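Notes follow once the structure below has been shown.
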Amino acid sequence: MNTSINKHELKFGMISVFLTGLGLTIVSPVLHFLVKFYTSNPSSQATAVTLLTSIYALSVFLVAPVLGALSDRYGRRPVLIISLFGSALGYFIFGLGGALWILFIGRIIEGLTGGEISAIFAYFADITPSGARTKYFGWISAVVGVGTALGPTIGGALATFGNSVPMYAGAAITLLNAIYGYFFMSESLEKSKRSSRISARHLNPFIQLSNVFSFKSVRWLLIAGFLIWIPNGSLQAIFSQFSIDTFAWQPVLIGLTFSIIGVLDIFSQAFIMPRFLKFLPDEKIAHLGMISEMIGFIFIAVSAFTAFYPVFIIGMIFFGVGDSIFGSSFNGMLSKSVSASEQGHILGGSQSIQSLARFIGPIIGG
């Protein structure tokens, strides 16, 4: 087990998750405005936006456990770098547009390489001591939160120069991250700790998913996460359309409000989680996170009937805090449950389950 952390590895990892968060959210405020050129009415626009969200999640579902298994066998570095190059290509194609089907192709390519987050979590599991893993996973969430907070704001601002500009910015950011990793990322998984072989069964996402549920110690944890991620995916998919239809908001304001989630990630990991970890186990923290999310959904539902945006913002605050503390405690419990050679497997499987929920949720919301 690691007793110390290489500062260069930690620095690279934090930069990677920051740029991943920024690249993912920079496009969120303009999705509706890109789609409206290829649809005829608000209903079909909402359906197209949520399907674009769902197809991304479905693609991640299919590939995340595969990438996790590949990283267990061949190391984190090649899987992560190749995935980032693919994500950059997906953003670029999405920005080019020209037809609705081209948007879907770009989103699918981005999703098929979007399972790199499982390799990132496995990378951090490699370089951090087990006892401090929940804390570091919490800081990963906070750093992603910084990127998430800046992404929608920058995306909304860049949209003033054209709705495709945030997509090109996302491509550039992800490409720079891949280049940085190619030159500076060291391999974190020693050859002696890698899986001895990989078979066709490891590349079948449905078999991998069933294997993940064979870990009895985390089976119910994964089910709880699945049930939480369904409404979360629904909310994030319809956020822009809901804001436009209910409050008549424009991209900049949508981006600023969406940034609340990222800001609360930072706040939660800087002030709430350190205090919780002193007195509460991961399980109790996860329970508190779920309760906070439920309260948030109640406020958001009320705002839909009242069209009173302060109620919506209060709901987003409760949701953001709950989502942050649930996510870090969830990943901490999950990582501690398996050995070093299974980190990619279990975290990739978790990402796959999350993506399946985020495939179902947007369809329901749309």
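Here's how to read the names in the structure tokens: chain A, B, ... by the order shown, residue numbers from 1 in each chain, ligand numbers from 1 in the order shown.
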
query = Ile102 of chain A: which residues within 12 Å, counting only C-alpha atoms, same-chain residues fewer than 5 positions away excluded, as a list of chain:residue names?
reply = A:Leu34, A:Val35, A:Tyr38, A:Leu52, A:Gly90, A:Tyr91, A:Phe92, A:Ile93, A:Phe94, A:Gly95, A:Leu96, A:Gly97, A:Arg107, A:Ile108, A:Ile109

Residue contacts of segment 267-281 of chain A (12 Å, only C-alpha atoms) excluding same-chain residues fewer than 2 positions away, as a PyMOL selection string = chain A and resi 131-146+149+260-265+283-289+317-330+332-333

Would you put the residues from that selection into a file with C-alpha atoms, as a JSON list (two decimals), in the first residue's frame?
[["chain", "number", "residue", "atom", "x", "y", "z"],
["A", 131, "GLY", "CA", -6.86, 5.23, 4.50],
["A", 132, "ALA", "CA", -6.88, 8.65, 2.84],
["A", 133, "ARG", "CA", -8.66, 7.63, -0.35],
["A", 134, "THR", "CA", -12.08, 9.06, 0.50],
["A", 135, "LYS", "CA", -10.42, 12.40, 1.26],
["A", 136, "TYR", "CA", -8.56, 12.43, -2.05],
["A", 137, "PHE", "CA", -11.60, 11.28, -4.00],
["A", 138, "GLY", "CA", -13.40, 14.18, -2.35],
["A", 139, "TRP", "CA", -10.73, 16.57, -3.59],
["A", 140, "ILE", "CA", -11.00, 15.05, -7.05],
["A", 141, "SER", "CA", -14.68, 15.92, -6.89],
["A", 142, "ALA", "CA", -13.83, 19.45, -5.74],
["A", 143, "VAL", "CA", -11.31, 20.00, -8.54],
["A", 144, "VAL", "CA", -13.81, 18.67, -11.07],
["A", 145, "GLY", "CA", -16.19, 21.12, -9.41],
["A", 146, "VAL", "CA", -13.86, 24.00, -10.22],
["A", 149, "ALA", "CA", -18.15, 25.82, -12.24],
["A", 260, "ILE", "CA", -23.76, 26.43, -8.80],
["A", 261, "ILE", "CA", -23.16, 22.68, -8.80],
["A", 262, "GLY", "CA", -19.44, 23.16, -9.35],
["A", 263, "VAL", "CA", -19.12, 25.91, -6.73],
["A", 264, "LEU", "CA", -20.94, 23.75, -4.19],
["A", 265, "ASP", "CA", -18.58, 20.87, -5.01],
["A", 283, "GLU", "CA", -21.97, 5.21, 4.86],
["A", 284, "LYS", "CA", -23.51, 7.93, 7.04],
["A", 285, "ILE", "CA", -22.11, 10.67, 4.81],
["A", 286, "ALA", "CA", -23.67, 8.99, 1.76],
["A", 287, "HIS", "CA", -27.04, 8.90, 3.55],
["A", 288, "LEU", "CA", -26.85, 12.62, 4.32],
["A", 289, "GLY", "CA", -26.00, 13.31, 0.68],
["A", 317, "ILE", "CA", -28.04, 24.38, -3.68],
["A", 318, "PHE", "CA", -29.45, 21.43, -1.75],
["A", 319, "PHE", "CA", -28.97, 19.17, -4.78],
["A", 320, "GLY", "CA", -25.39, 20.32, -5.39],
["A", 321, "VAL", "CA", -24.28, 19.78, -1.78],
["A", 322, "GLY", "CA", -25.92, 16.36, -1.63],
["A", 323, "ASP", "CA", -24.51, 15.25, -4.96],
["A", 324, "SER", "CA", -20.99, 16.28, -3.92],
["A", 325, "ILE", "CA", -20.84, 14.53, -0.56],
["A", 326, "PHE", "CA", -22.62, 11.43, -1.86],
["A", 327, "GLY", "CA", -20.21, 11.10, -4.80],
["A", 328, "SER", "CA", -16.98, 11.30, -2.79],
["A", 329, "SER", "CA", -18.18, 8.93, -0.05],
["A", 330, "PHE", "CA", -19.56, 6.51, -2.67],
["A", 332, "GLY", "CA", -14.29, 6.01, -1.37],
["A", 333, "MET", "CA", -16.35, 3.03, -0.18]]

query = Pick from A:Tyr309, A:Ala159, A:Ser196, A:Gln45: nearest to Tyr74 of chain A, with only C-alpha atoms counted?
reply = A:Ser196

ask   = Which parts of segment 97-240 of chain A does DSSP call alpha helix (DSSP H) when run on the backbone here, written out as an NGL selection string?
value = :A and (100-112 or 116-127 or 133-158 or 165-184 or 205-212 or 219-240)

Any chance you can output those residues with C-alpha atoms as a short mmCIF file (atom, residue, chain, number, x, y, z; two decimals), in the first residue's frame?
data_model
loop_
_atom_site.label_atom_id
_atom_site.label_comp_id
_atom_site.auth_asym_id
_atom_site.auth_seq_id
_atom_site.Cartn_x
_atom_site.Cartn_y
_atom_site.Cartn_z
CA LEU A 100 -28.70 16.39 -36.42
CA TRP A 101 -27.15 13.01 -37.25
CA ILE A 102 -23.67 14.61 -37.26
CA LEU A 103 -24.31 15.90 -33.73
CA PHE A 104 -25.18 12.34 -32.70
CA ILE A 105 -21.99 10.95 -34.31
CA GLY A 106 -19.89 13.49 -32.42
CA ARG A 107 -21.65 12.65 -29.18
CA ILE A 108 -21.22 8.89 -29.71
CA ILE A 109 -17.48 9.25 -30.41
CA GLU A 110 -17.10 11.42 -27.33
CA GLY A 111 -19.05 8.89 -25.25
CA LEU A 112 -17.11 5.86 -26.48
CA GLU A 116 -11.63 7.53 -19.21
CA ILE A 117 -12.95 8.80 -15.89
CA SER A 118 -12.76 5.20 -14.64
CA ALA A 119 -9.04 5.18 -15.50
CA ILE A 120 -8.61 8.53 -13.72
CA PHE A 121 -10.18 7.19 -10.53
CA ALA A 122 -8.11 4.01 -10.81
CA TYR A 123 -5.02 6.20 -11.32
CA PHE A 124 -5.75 8.02 -8.05
CA ALA A 125 -6.45 4.72 -6.30
CA ASP A 126 -2.94 3.64 -7.39
CA ILE A 127 -1.14 6.72 -6.05
CA ARG A 133 -8.66 7.63 -0.35
CA THR A 134 -12.08 9.06 0.50
CA LYS A 135 -10.42 12.40 1.26
CA TYR A 136 -8.56 12.43 -2.05
CA PHE A 137 -11.60 11.28 -4.00
CA GLY A 138 -13.40 14.18 -2.35
CA TRP A 139 -10.73 16.57 -3.59
CA ILE A 140 -11.00 15.05 -7.05
CA SER A 141 -14.68 15.92 -6.89
CA ALA A 142 -13.83 19.45 -5.74
CA VAL A 143 -11.31 20.00 -8.54
CA VAL A 144 -13.81 18.67 -11.07
CA GLY A 145 -16.19 21.12 -9.41
CA VAL A 146 -13.86 24.00 -10.22
CA GLY A 147 -13.89 22.93 -13.86
CA THR A 148 -17.64 22.37 -13.74
CA ALA A 149 -18.15 25.82 -12.24
CA LEU A 150 -16.02 27.56 -14.85
CA GLY A 151 -17.18 25.45 -17.81
CA PRO A 152 -20.81 26.63 -18.15
CA THR A 153 -19.84 30.24 -17.49
CA ILE A 154 -17.10 30.16 -20.13
CA GLY A 155 -19.38 28.22 -22.51
CA GLY A 156 -22.16 30.78 -22.13
CA ALA A 157 -19.71 33.64 -22.70
CA LEU A 158 -18.10 31.97 -25.74
CA VAL A 165 -17.37 28.02 -30.33
CA PRO A 166 -17.74 26.27 -26.90
CA MET A 167 -17.50 22.92 -28.70
CA TYR A 168 -14.22 23.89 -30.35
CA ALA A 169 -12.97 25.19 -27.01
CA GLY A 170 -13.88 21.85 -25.40
CA ALA A 171 -11.96 20.04 -28.15
CA ALA A 172 -8.91 22.24 -27.66
CA ILE A 173 -8.94 21.86 -23.87
CA THR A 174 -9.25 18.07 -24.05
CA LEU A 175 -6.53 17.87 -26.73
CA LEU A 176 -4.15 19.93 -24.59
CA ASN A 177 -4.86 17.61 -21.68
CA ALA A 178 -4.02 14.58 -23.83
CA ILE A 179 -0.76 16.15 -25.03
CA TYR A 180 0.20 17.09 -21.49
CA GLY A 181 -0.44 13.53 -20.35
CA TYR A 182 1.59 12.08 -23.20
CA PHE A 183 4.67 14.02 -22.19
CA PHE A 184 4.33 14.20 -18.41
CA PRO A 205 -19.84 -4.70 -21.06
CA PHE A 206 -22.84 -6.78 -20.00
CA ILE A 207 -20.67 -9.57 -18.60
CA GLN A 208 -18.50 -6.96 -16.89
CA LEU A 209 -21.58 -5.36 -15.40
CA SER A 210 -22.81 -8.68 -14.01
CA ASN A 211 -19.33 -9.36 -12.63
CA VAL A 212 -19.33 -6.04 -10.80
CA ARG A 219 -23.87 -4.78 -4.47
CA TRP A 220 -26.38 -2.68 -2.50
CA LEU A 221 -24.13 0.36 -2.71
CA LEU A 222 -24.20 0.13 -6.52
CA ILE A 223 -27.99 -0.27 -6.53
CA ALA A 224 -28.36 2.82 -4.33
CA GLY A 225 -26.10 4.76 -6.66
CA PHE A 226 -28.10 3.62 -9.69
CA LEU A 227 -31.37 4.85 -8.16
CA ILE A 228 -29.77 8.21 -7.28
CA TRP A 229 -28.23 8.72 -10.74
CA ILE A 230 -31.50 8.23 -12.66
CA PRO A 231 -33.14 11.49 -11.44
CA ASN A 232 -29.75 13.25 -11.47
CA GLY A 233 -29.33 12.43 -15.16
CA SER A 234 -32.88 13.60 -15.86
CA LEU A 235 -32.30 16.95 -14.13
CA GLN A 236 -28.99 17.67 -15.86
CA ALA A 237 -30.42 16.76 -19.29
CA ILE A 238 -33.47 19.03 -19.08
CA PHE A 239 -31.77 21.84 -17.12
CA SER A 240 -31.34 24.17 -20.11
#

inquiry  = Using Å and a single decimal, report how far atom CA of Ile15 of chain A sits from atom CA of Asp72 of chain A.
reply    = 22.2 Å

ask   = When distances are computed from only C-alpha atoms, which of A:Phe258, A:Tyr56, A:Phe33, A:Phe297 shows the smallest separation from Phe359 of chain A?
value = A:Tyr56

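The coordinates place atom CA of Gln351 of chain A at 18.0 Å from atom CA of Arg73 of chain A.
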
Can you check which parts of segment 161-195 of chain A lie within 9 Å of segment 61-71 of chain A? Per residue, the shortest pair of atoms and distance in Å to one decimal, counting only C-alpha atoms, sorted by chain and number, as CSV.
residue,atom,partner,partner_atom,distance
A:Leu189,CA,A:Ser71,CA,8.6
A:Arg194,CA,A:Ser71,CA,8.5
A:Ser195,CA,A:Ala69,CA,8.4

request  = Kindly indicate which residue among A:Val338, A:Gly365, A:Ile313, A:Ser292 lies nearest to Lys216 of chain A, using only C-alpha atoms for the distances.
outcome  =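 Smallest distance to Lys216 of chain A is found for A:Val338.
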
key: Selected residue of minimal separation from Ala301 of chain A among A:Ser87, A:Thr246, A:Gln241, A:Ser188, counting only C-alpha atoms   =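 The shortest atom-to-atom distance to Ala301 of chain A comes from A:Thr246.
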
request  = Figure out the distance between atom CA of Ser43 of chain A and atom CA of Val311 of chain A, please, to one decimal in Å.
outcome  = 24.7 Å
